[in-house]
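Structure data follow from protein-v8.tsv (TSV, C-alpha atoms and all ligand atoms):
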chain	number	residue	atom	x	y	z
A	1	MET	CA	-3.16	-8.80	-5.11
A	2	LEU	CA	-0.95	-5.88	-4.22
A	3	VAL	CA	-0.54	-4.94	-0.56
A	4	ASN	CA	0.66	-1.81	1.17
A	5	SER	CA	4.04	-1.88	2.89
A	6	LYS	CA	2.79	-1.80	6.50
A	7	LYS	CA	2.93	-5.46	7.48
A	8	MET	CA	6.06	-6.43	5.58
A	9	LEU	CA	8.04	-3.47	6.92
A	10	MET	CA	6.82	-3.77	10.50
A	11	GLU	CA	7.80	-7.45	10.48
A	12	ALA	CA	11.21	-6.56	9.09
A	13	ARG	CA	11.58	-3.91	11.80
A	14	GLU	CA	10.67	-6.32	14.60
A	15	ASN	CA	13.17	-8.93	13.41
A	16	TYR	CA	16.03	-6.66	12.32
A	17	GLN	CA	15.50	-7.84	8.76
A	18	VAL	CA	14.96	-5.89	5.57
A	19	VAL	CA	12.60	-5.64	2.61
A	20	TYR	CA	14.18	-4.61	-0.67
A	21	HIS	CA	12.73	-1.91	-2.85
A	22	PHE	CA	13.88	-2.51	-6.42
A	23	ASN	CA	13.11	0.17	-8.97
A	24	ILE	CA	11.33	-0.86	-12.16
A	25	ASN	CA	11.77	0.71	-15.59
A	26	ASN	CA	9.69	-1.44	-17.90
A	27	LEU	CA	7.78	-4.69	-18.27
A	28	GLU	CA	10.91	-6.85	-18.25
A	29	TRP	CA	12.24	-5.28	-15.05
A	30	ALA	CA	8.96	-5.84	-13.21
A	31	LYS	CA	8.63	-9.41	-14.49
A	32	ILE	CA	12.19	-10.45	-13.70
A	33	ILE	CA	12.13	-8.98	-10.18
A	34	LEU	CA	8.71	-10.44	-9.36
A	35	GLU	CA	9.60	-13.93	-10.59
A	36	LYS	CA	12.95	-13.98	-8.81
A	37	CYS	CA	11.58	-12.75	-5.47
A	38	ASN	CA	8.67	-15.16	-5.79
A	39	SER	CA	11.02	-18.08	-6.37
A	40	MET	CA	12.91	-17.06	-3.22
A	41	ASN	CA	9.70	-16.54	-1.25
A	42	THR	CA	10.69	-12.99	-0.35
A	43	PRO	CA	8.26	-10.04	-0.18
A	44	VAL	CA	9.25	-7.15	-2.41
A	45	ILE	CA	8.51	-3.49	-3.00
A	46	LEU	CA	8.53	-2.41	-6.64
A	47	GLY	CA	9.47	1.26	-6.78
A	48	ALA	CA	8.50	3.43	-9.74
A	49	SER	CA	9.96	6.91	-10.02
A	50	LEU	CA	8.12	9.74	-11.75
A	51	GLY	CA	10.61	9.47	-14.63
A	52	ALA	CA	10.02	5.74	-15.02
A	53	ILE	CA	6.25	6.22	-14.79
A	54	LYS	CA	6.38	8.85	-17.54
A	55	TYR	CA	8.58	6.53	-19.63
A	56	MET	CA	6.15	3.62	-19.24
A	57	GLY	CA	3.11	5.74	-20.17
A	58	GLY	CA	1.58	6.89	-16.89
A	59	PHE	CA	0.38	5.90	-13.42
A	60	ASN	CA	-2.47	3.72	-14.71
A	61	VAL	CA	-0.17	1.80	-17.06
A	62	VAL	CA	2.24	0.99	-14.26
A	63	ALA	CA	-0.47	-0.02	-11.78
A	64	SER	CA	-2.22	-2.22	-14.37
A	65	LEU	CA	1.07	-3.74	-15.52
A	66	VAL	CA	2.19	-4.75	-12.04
A	67	ASN	CA	-1.27	-5.95	-10.99
A	68	SER	CA	-1.59	-8.04	-14.15
A	69	LEU	CA	1.86	-9.58	-13.76
A	70	VAL	CA	1.09	-10.56	-10.18
A	71	ASN	CA	-2.12	-12.27	-11.34
A	72	ASP	CA	-0.93	-13.85	-14.58
A	73	LEU	CA	2.35	-15.12	-13.15
A	74	ASP	CA	0.67	-16.47	-9.99
A	75	ILE	CA	2.94	-14.46	-7.73
A	76	HIS	CA	2.23	-15.58	-4.16
A	77	ILE	CA	4.59	-13.31	-2.19
A	78	PRO	CA	3.41	-9.95	-0.77
A	79	VAL	CA	4.09	-7.30	-3.44
A	80	CYS	CA	3.85	-3.57	-2.81
A	81	LEU	CA	3.77	-1.02	-5.65
A	82	HIS	CA	5.39	2.17	-4.43
A	83	LEU	CA	5.77	5.65	-5.89
A	84	ASP	CA	9.45	6.53	-5.47
A	85	HIS	CA	10.15	10.22	-4.73
A	86	GLY	CA	6.71	11.67	-5.36
A	87	ASP	CA	7.39	15.38	-5.67
A	88	SER	CA	4.03	16.80	-4.57
A	89	PHE	CA	0.61	16.00	-3.14
A	90	ASP	CA	-0.65	15.88	-6.73
A	91	SER	CA	1.76	13.21	-7.94
A	92	CYS	CA	1.06	11.11	-4.83
A	93	LYS	CA	-2.69	11.46	-5.35
A	94	LYS	CA	-2.38	10.35	-8.98
A	95	ALA	CA	-0.45	7.25	-7.91
A	96	ILE	CA	-2.95	6.42	-5.16
A	97	ASP	CA	-5.93	6.91	-7.46
A	98	ALA	CA	-4.32	4.64	-10.07
A	99	GLY	CA	-3.86	1.81	-7.57
A	100	PHE	CA	-0.35	2.20	-6.12
A	101	THR	CA	-0.36	0.72	-2.63
A	102	SER	CA	2.36	2.93	-1.20
A	103	VAL	CA	3.79	6.38	-1.95
A	104	MET	CA	6.81	8.39	-0.99
A	105	ILE	CA	6.36	12.13	-0.65
A	106	ASP	CA	9.78	13.70	-0.98
A	107	ALA	CA	9.47	17.26	0.24
A	108	SER	CA	12.94	17.11	1.75
A	109	LYS	CA	14.13	20.18	-0.11
A	110	LEU	CA	11.53	22.29	1.71
A	111	SER	CA	11.90	23.75	5.20
A	112	LEU	CA	11.00	21.42	8.08
A	113	GLU	CA	7.65	23.19	8.60
A	114	GLU	CA	6.74	22.98	4.90
A	115	ASN	CA	7.91	19.38	4.65
A	116	ILE	CA	5.69	18.43	7.62
A	117	LYS	CA	2.71	20.25	6.10
A	118	GLU	CA	3.04	18.65	2.64
A	119	THR	CA	3.73	15.20	4.07
A	120	LYS	CA	0.77	15.37	6.45
A	121	LYS	CA	-1.52	16.27	3.56
A	122	VAL	CA	-0.40	13.15	1.67
A	123	VAL	CA	-0.75	10.97	4.78
A	124	ASP	CA	-4.33	12.17	5.36
A	125	TYR	CA	-5.36	11.29	1.81
A	126	ALA	CA	-3.36	8.04	1.54
A	127	HIS	CA	-4.63	6.59	4.81
A	128	LEU	CA	-8.22	7.01	3.69
A	129	LYS	CA	-7.34	4.61	0.85
A	130	ASN	CA	-5.25	2.17	2.92
A	131	VAL	CA	-2.07	3.35	1.21
A	132	THR	CA	1.17	3.66	3.21
A	133	VAL	CA	3.39	6.74	3.11
A	134	GLU	CA	7.16	7.13	3.27
A	135	ALA	CA	8.81	10.51	3.66
A	136	GLU	CA	12.31	11.91	3.81
A	137	LEU	CA	14.17	14.35	6.00
A	138	GLY	CA	17.65	15.75	5.47
A	139	HIS	CA	17.65	15.27	1.68
A	140	VAL	CA	19.46	12.21	0.23
A	141	GLY	CA	21.34	13.75	-2.69
A	142	GLY	CA	22.35	12.45	-6.08
A	143	ILE	CA	25.57	12.16	-8.03
A	144	GLU	CA	25.87	15.94	-8.18
A	145	ASP	CA	26.03	16.00	-4.37
A	146	ASN	CA	28.28	12.99	-4.20
A	147	VAL	CA	31.18	14.57	-2.42
A	148	ALA	CA	31.61	13.61	1.23
A	149	SER	CA	31.37	17.20	2.50
A	150	ASN	CA	28.08	17.75	0.64
A	151	ILE	CA	26.29	14.72	2.01
A	152	LEU	CA	23.63	15.84	4.46
A	153	VAL	CA	22.73	13.97	7.60
A	154	ALA	CA	19.36	14.36	9.28
A	155	ASP	CA	19.13	16.04	12.68
A	156	TYR	CA	17.93	13.60	15.38
A	157	ASP	CA	15.48	15.97	17.12
A	158	GLU	CA	13.98	17.07	13.82
A	159	CYS	CA	13.53	13.41	12.86
A	160	ILE	CA	11.53	12.69	16.02
A	161	ARG	CA	9.34	15.74	15.47
A	162	PHE	CA	8.85	14.95	11.77
A	163	VAL	CA	7.73	11.36	12.36
A	164	ASN	CA	5.43	12.27	15.27
A	165	GLU	CA	3.75	15.20	13.54
A	166	THR	CA	3.25	13.63	10.10
A	167	GLY	CA	1.97	10.14	11.01
A	168	ILE	CA	4.04	8.53	8.22
A	169	ASP	CA	4.39	4.74	7.96
A	170	SER	CA	8.10	4.59	7.10
A	171	PHE	CA	10.86	7.12	7.38
A	172	THR	CA	13.91	8.01	5.26
A	173	PRO	CA	16.42	10.01	7.29
A	174	ALA	CA	19.54	11.15	5.43
A	175	ILE	CA	22.19	8.86	6.94
A	176	GLY	CA	25.16	9.40	4.66
A	177	THR	CA	24.07	7.57	1.51
A	178	VAL	CA	23.52	9.11	-1.93
A	179	HIS	CA	21.70	7.99	-5.06
A	180	GLY	CA	23.88	6.57	-7.81
A	181	ILE	CA	27.52	5.59	-7.86
A	182	TYR	CA	29.76	6.62	-4.94
A	183	LYS	CA	32.86	8.63	-5.68
A	184	GLY	CA	34.55	8.61	-2.30
A	185	GLU	CA	34.41	6.85	1.05
A	186	VAL	CA	30.94	5.98	2.30
A	187	ASN	CA	30.30	7.30	5.78
A	188	ILE	CA	27.09	5.76	7.12
A	189	GLN	CA	25.76	7.23	10.37
A	190	TYR	CA	25.20	3.95	12.21
A	191	ASP	CA	24.74	5.64	15.60
A	192	LEU	CA	21.96	7.80	14.22
A	193	ILE	CA	20.25	4.73	12.72
A	194	LYS	CA	20.42	2.92	16.09
A	195	LYS	CA	19.14	5.89	18.05
A	196	LEU	CA	16.25	6.40	15.63
A	197	ARG	CA	15.41	2.66	15.61
A	198	ASP	CA	15.16	2.76	19.41
A	199	ASN	CA	13.13	5.95	19.66
A	200	ILE	CA	10.62	5.93	16.83
A	201	ASP	CA	8.22	3.15	16.03
A	202	VAL	CA	8.10	3.29	12.23
A	203	PRO	CA	10.49	1.37	9.94
A	204	LEU	CA	13.60	3.16	8.70
A	205	VAL	CA	14.45	3.33	5.00
A	206	MET	CA	17.85	3.55	3.35
A	207	HIS	CA	17.89	5.24	-0.05
A	208	GLY	CA	20.92	4.93	-2.31
A	209	GLY	CA	21.46	1.22	-1.67
A	210	SER	CA	23.70	0.81	-4.74
A	211	GLY	CA	27.47	0.65	-4.48
A	212	LEU	CA	27.43	-0.45	-0.85
A	213	SER	CA	29.28	-3.59	0.25
A	214	HIS	CA	27.36	-6.45	1.77
A	215	ASP	CA	29.09	-5.69	5.08
A	216	ILE	CA	27.76	-2.13	5.06
A	217	LEU	CA	24.28	-3.35	4.17
A	218	ARG	CA	24.36	-6.02	6.90
A	219	LYS	CA	25.58	-3.56	9.52
A	220	SER	CA	22.89	-1.06	8.54
A	221	ILE	CA	20.21	-3.73	8.86
A	222	LYS	CA	21.60	-4.78	12.25
A	223	CYS	CA	21.39	-1.17	13.40
A	224	GLY	CA	17.74	-0.94	12.35
A	225	ILE	CA	17.27	-0.25	8.63
A	226	SER	CA	14.13	-2.13	7.49
A	227	LYS	CA	13.89	-1.15	3.80
A	228	ILE	CA	16.72	-0.71	1.30
A	229	ASN	CA	16.18	0.99	-2.05
A	230	VAL	CA	18.26	-0.26	-4.97
A	231	ASN	CA	18.20	1.10	-8.49
A	232	SER	CA	21.54	1.99	-10.16
A	233	ASP	CA	23.29	-1.32	-9.39
A	234	ILE	CA	20.68	-3.39	-11.22
A	235	GLN	CA	20.76	-1.02	-14.18
A	236	TYR	CA	24.52	-1.44	-14.28
A	237	VAL	CA	24.59	-5.25	-14.17
A	238	TRP	CA	21.85	-5.34	-16.84
A	239	MET	CA	23.81	-2.95	-19.08
A	240	GLU	CA	27.04	-4.98	-18.78
A	241	ALA	CA	25.25	-8.21	-19.67
A	242	VAL	CA	23.39	-6.68	-22.63
A	243	LYS	CA	26.59	-5.10	-23.96
A	244	GLN	CA	28.30	-8.46	-23.87
A	245	PHE	CA	25.33	-10.16	-25.56
A	246	ILE	CA	25.30	-7.63	-28.38
A	247	ASN	CA	29.06	-7.97	-28.87
A	248	ASN	CA	28.76	-11.76	-29.02
A	249	ASN	CA	25.61	-11.74	-31.16
A	250	PRO	CA	25.95	-8.85	-33.60
A	251	ASN	CA	23.24	-10.21	-35.91
A	252	VAL	CA	20.48	-10.55	-33.34
A	253	TYR	CA	17.89	-7.80	-33.75
A	254	ASP	CA	14.91	-9.21	-31.83
A	255	PRO	CA	14.41	-6.68	-28.98
A	256	ARG	CA	13.04	-9.40	-26.72
A	257	LYS	CA	16.30	-11.33	-26.97
A	258	ILE	CA	18.38	-8.21	-26.46
A	259	ILE	CA	16.50	-6.78	-23.49
A	260	TYR	CA	16.08	-10.19	-21.86
A	261	SER	CA	19.77	-11.03	-22.22
A	262	GLY	CA	20.29	-9.09	-18.98
A	263	LYS	CA	17.92	-11.40	-17.09
A	264	ASP	CA	20.46	-13.85	-15.62
A	265	ALA	CA	22.70	-11.05	-14.38
A	266	MET	CA	19.74	-9.27	-12.79
A	267	GLU	CA	18.56	-12.48	-11.16
A	268	LYS	CA	22.00	-13.23	-9.79
A	269	PHE	CA	22.23	-9.70	-8.39
A	270	ILE	CA	18.82	-9.96	-6.69
A	271	GLU	CA	19.66	-13.40	-5.31
A	272	ASP	CA	22.93	-12.15	-3.81
A	273	LYS	CA	21.16	-9.21	-2.17
A	274	ILE	CA	18.45	-11.39	-0.68
A	275	ASN	CA	20.97	-13.97	0.51
A	276	ILE	CA	22.80	-11.43	2.67
A	277	LEU	CA	19.73	-11.50	4.89
A	278	ASN	CA	20.25	-15.16	5.72
A	279	ASP	CA	23.48	-14.54	7.57
A	280	ASN	CA	22.37	-11.35	9.26
A	281	LYS	CA	22.08	-13.04	12.65
B	301	LIG	P1	20.48	3.89	-6.01
B	301	LIG	O1	20.27	4.22	-7.46
B	301	LIG	O2	21.71	4.53	-5.47
B	301	LIG	O3	20.42	2.43	-5.75
B	301	LIG	O4	19.29	4.56	-5.19
B	301	LIG	C1	17.99	4.09	-5.39
B	301	LIG	C2	17.02	4.81	-4.55
B	301	LIG	O5	17.32	5.25	-3.46
B	301	LIG	C3	15.66	4.95	-5.08
B	301	LIG	O6	14.85	5.70	-4.25
Take the structure in the file and give it back as structure tokens.
Amino acid sequence: MLVNSKKMLMEARENYQVVYHFNINNLEWAKIILEKCNSMNTPVILGASLGAIKYMGGFNVVASLVNSLVNDLDIHIPVCLHLDHGDSFDSCKKAIDAGFTSVMIDASKLSLEENIKETKKVVDYAHLKNVTVEAELGHVGGIEDNVASNILVADYDECIRFVNETGIDSFTPAIGTVHGIYKGEVNIQYDLIKKLRDNIDVPLVMHGGSGLSHDILRKSIKCGISKINVNSDIQYVWMEAVKQFINNNPNVYDPRKIIYSGKDAMEKFIEDKINILNDNK
């Protein structure tokens, strides 16, 4: 059974640990991540972006797929299915109605007032259905913004107001990360993370978890990050492995063999990420 993210993230927050959010793109991605996390006895959040949901066929397909995998593969760890970067009340509602157990409303491009209003609307609906809500403030950019001077950092006072007025369950402040591959030096705002961890009582989320060293991830967790989102890095390790497989096996045309040839690399990547938690004392 799928669960919302409340318990797993609050436990991570209490213990200065982290829950990973790995993005899924297809059946194989979901299966490989679930089986690996299950074998390591580690709760996981499967994130599906609107693009990935459209690619896979729709909200119902994704919810049924993940639910069925959890049942058929006898997955015993807590698994949360999360809408990544929902862009409106409507997209969040569709995810909730289809059976997602958590949603992110990303209204971070709006003004603070508008962001609060849109986020609160999602929270009111989601909480009626026992679904948790994550929201963002200070916009975490993408590759196009990936120049140090363009990276936004959230304002502390606005963060406090945003969390208090919206009633969200987890919070993504812009802390110096970006989505995708980093071009320059990474400048994480550790002091802001610490101050927020000590002054708000919901778990803090780091978006843009790819391309960061294990030291940076460990330090962020120590300062109070409870959820780390990772997408691009897994895509990259999968792509490298598949490229090599195709080069070495030019006559193989079975798509199952080709797509699955990235499995070991993905598993190794996930294992390494989870293992950094063990020496985060
Ligand atoms: P990366 O692609 O940089 O890992 O970011 C993923 C993410 O934040 C998804 O919300």
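Between CA of Gly209 in chain A and CA of Ile258 in chain A there is a distance of 26.7 Å.
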Which residues, written as a ChimeraX atom specification, have at least one atom at most 6 Å from Lys227 in chain A, with all atoms listed in the file counted and residues fewer than 2 positions away on the same chain left out?
/A:18-20,205,225
Give me, as a tab-separated table, the closest atom pair and its distance (Å, one decimal) for every residue of chain A within a cut-off of 9 Å of ligand LIG 301 (chain B), counting only C-alpha atoms and all ligand atoms, rows sorted by chain and rising number.
residue	atom	partner	partner_atom	distance
A:His21	CA	B:LIG301	C3	7.8
A:Phe22	CA	B:LIG301	C3	7.8
A:Asn23	CA	B:LIG301	C3	6.7
A:Gly47	CA	B:LIG301	C3	7.4
A:Ala48	CA	B:LIG301	C3	8.7
A:Ser49	CA	B:LIG301	O6	7.7
A:Asp84	CA	B:LIG301	O6	5.6
A:His85	CA	B:LIG301	O6	6.5
A:Val140	CA	B:LIG301	O5	8.2
A:Gly142	CA	B:LIG301	O2	8.0
A:Ile143	CA	B:LIG301	O2	8.9
A:Thr177	CA	B:LIG301	O2	8.0
A:Val178	CA	B:LIG301	O2	6.1
A:His179	CA	B:LIG301	O2	3.5
A:Gly180	CA	B:LIG301	O2	3.8
A:Ile181	CA	B:LIG301	O2	6.4
A:Tyr182	CA	B:LIG301	O2	8.3
A:Met206	CA	B:LIG301	O5	7.0
A:His207	CA	B:LIG301	O5	3.5
A:Gly208	CA	B:LIG301	O2	3.3
A:Gly209	CA	B:LIG301	O3	4.4
A:Ser210	CA	B:LIG301	O3	3.8
A:Gly211	CA	B:LIG301	O2	7.0
A:Leu212	CA	B:LIG301	O2	8.9
A:Ile228	CA	B:LIG301	O5	7.7
A:Asn229	CA	B:LIG301	O5	4.6
A:Val230	CA	B:LIG301	O3	3.5
A:Asn231	CA	B:LIG301	O3	3.8
A:Ser232	CA	B:LIG301	O1	3.7
A:Asp233	CA	B:LIG301	O3	6.0
A:Ile234	CA	B:LIG301	O3	8.0
A:Gln235	CA	B:LIG301	O1	8.5
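Here the question is which of A:Ile270, A:Val131, A:Met1, A:Met239 gets nearest to Asp97 in chain A using all atoms listed in the file, and that residue is A:Val131.
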So which residues touch range 8-11 of chain A within 12 Å, counting only C-alpha atoms, skipping near sequence neighbours fewer than 3 positions away, as an mmCIF file with C-alpha atoms, keeping the file's coordinate frame?
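Result file follows (part-v9.cif):
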data_model
loop_
_atom_site.group_PDB
_atom_site.id
_atom_site.type_symbol
_atom_site.label_atom_id
_atom_site.label_comp_id
_atom_site.auth_asym_id
_atom_site.auth_seq_id
_atom_site.Cartn_x
_atom_site.Cartn_y
_atom_site.Cartn_z
ATOM 1 C CA VAL A 3 -0.540 -4.940 -0.560
ATOM 2 C CA ASN A 4 0.660 -1.810 1.170
ATOM 3 C CA SER A 5 4.040 -1.880 2.890
ATOM 4 C CA GLU A 14 10.670 -6.320 14.600
ATOM 5 C CA ASN A 15 13.170 -8.930 13.410
ATOM 6 C CA TYR A 16 16.030 -6.660 12.320
ATOM 7 C CA GLN A 17 15.500 -7.840 8.760
ATOM 8 C CA VAL A 18 14.960 -5.890 5.570
ATOM 9 C CA VAL A 19 12.600 -5.640 2.610
ATOM 10 C CA TYR A 20 14.180 -4.610 -0.670
ATOM 11 C CA HIS A 21 12.730 -1.910 -2.850
ATOM 12 C CA THR A 42 10.690 -12.990 -0.350
ATOM 13 C CA PRO A 43 8.260 -10.040 -0.180
ATOM 14 C CA VAL A 44 9.250 -7.150 -2.410
ATOM 15 C CA ILE A 45 8.510 -3.490 -3.000
ATOM 16 C CA ILE A 77 4.590 -13.310 -2.190
ATOM 17 C CA PRO A 78 3.410 -9.950 -0.770
ATOM 18 C CA VAL A 79 4.090 -7.300 -3.440
ATOM 19 C CA CYS A 80 3.850 -3.570 -2.810
ATOM 20 C CA SER A 102 2.360 2.930 -1.200
ATOM 21 C CA THR A 132 1.170 3.660 3.210
ATOM 22 C CA VAL A 133 3.390 6.740 3.110
ATOM 23 C CA GLU A 134 7.160 7.130 3.270
ATOM 24 C CA ASP A 169 4.390 4.740 7.960
ATOM 25 C CA SER A 170 8.100 4.590 7.100
ATOM 26 C CA PHE A 171 10.860 7.120 7.380
ATOM 27 C CA ARG A 197 15.410 2.660 15.610
ATOM 28 C CA ASP A 201 8.220 3.150 16.030
ATOM 29 C CA VAL A 202 8.100 3.290 12.230
ATOM 30 C CA PRO A 203 10.490 1.370 9.940
ATOM 31 C CA LEU A 204 13.600 3.160 8.700
ATOM 32 C CA VAL A 205 14.450 3.330 5.000
ATOM 33 C CA GLY A 224 17.740 -0.940 12.350
ATOM 34 C CA ILE A 225 17.270 -0.250 8.630
ATOM 35 C CA SER A 226 14.130 -2.130 7.490
ATOM 36 C CA LYS A 227 13.890 -1.150 3.800
ATOM 37 C CA ILE A 228 16.720 -0.710 1.300
#
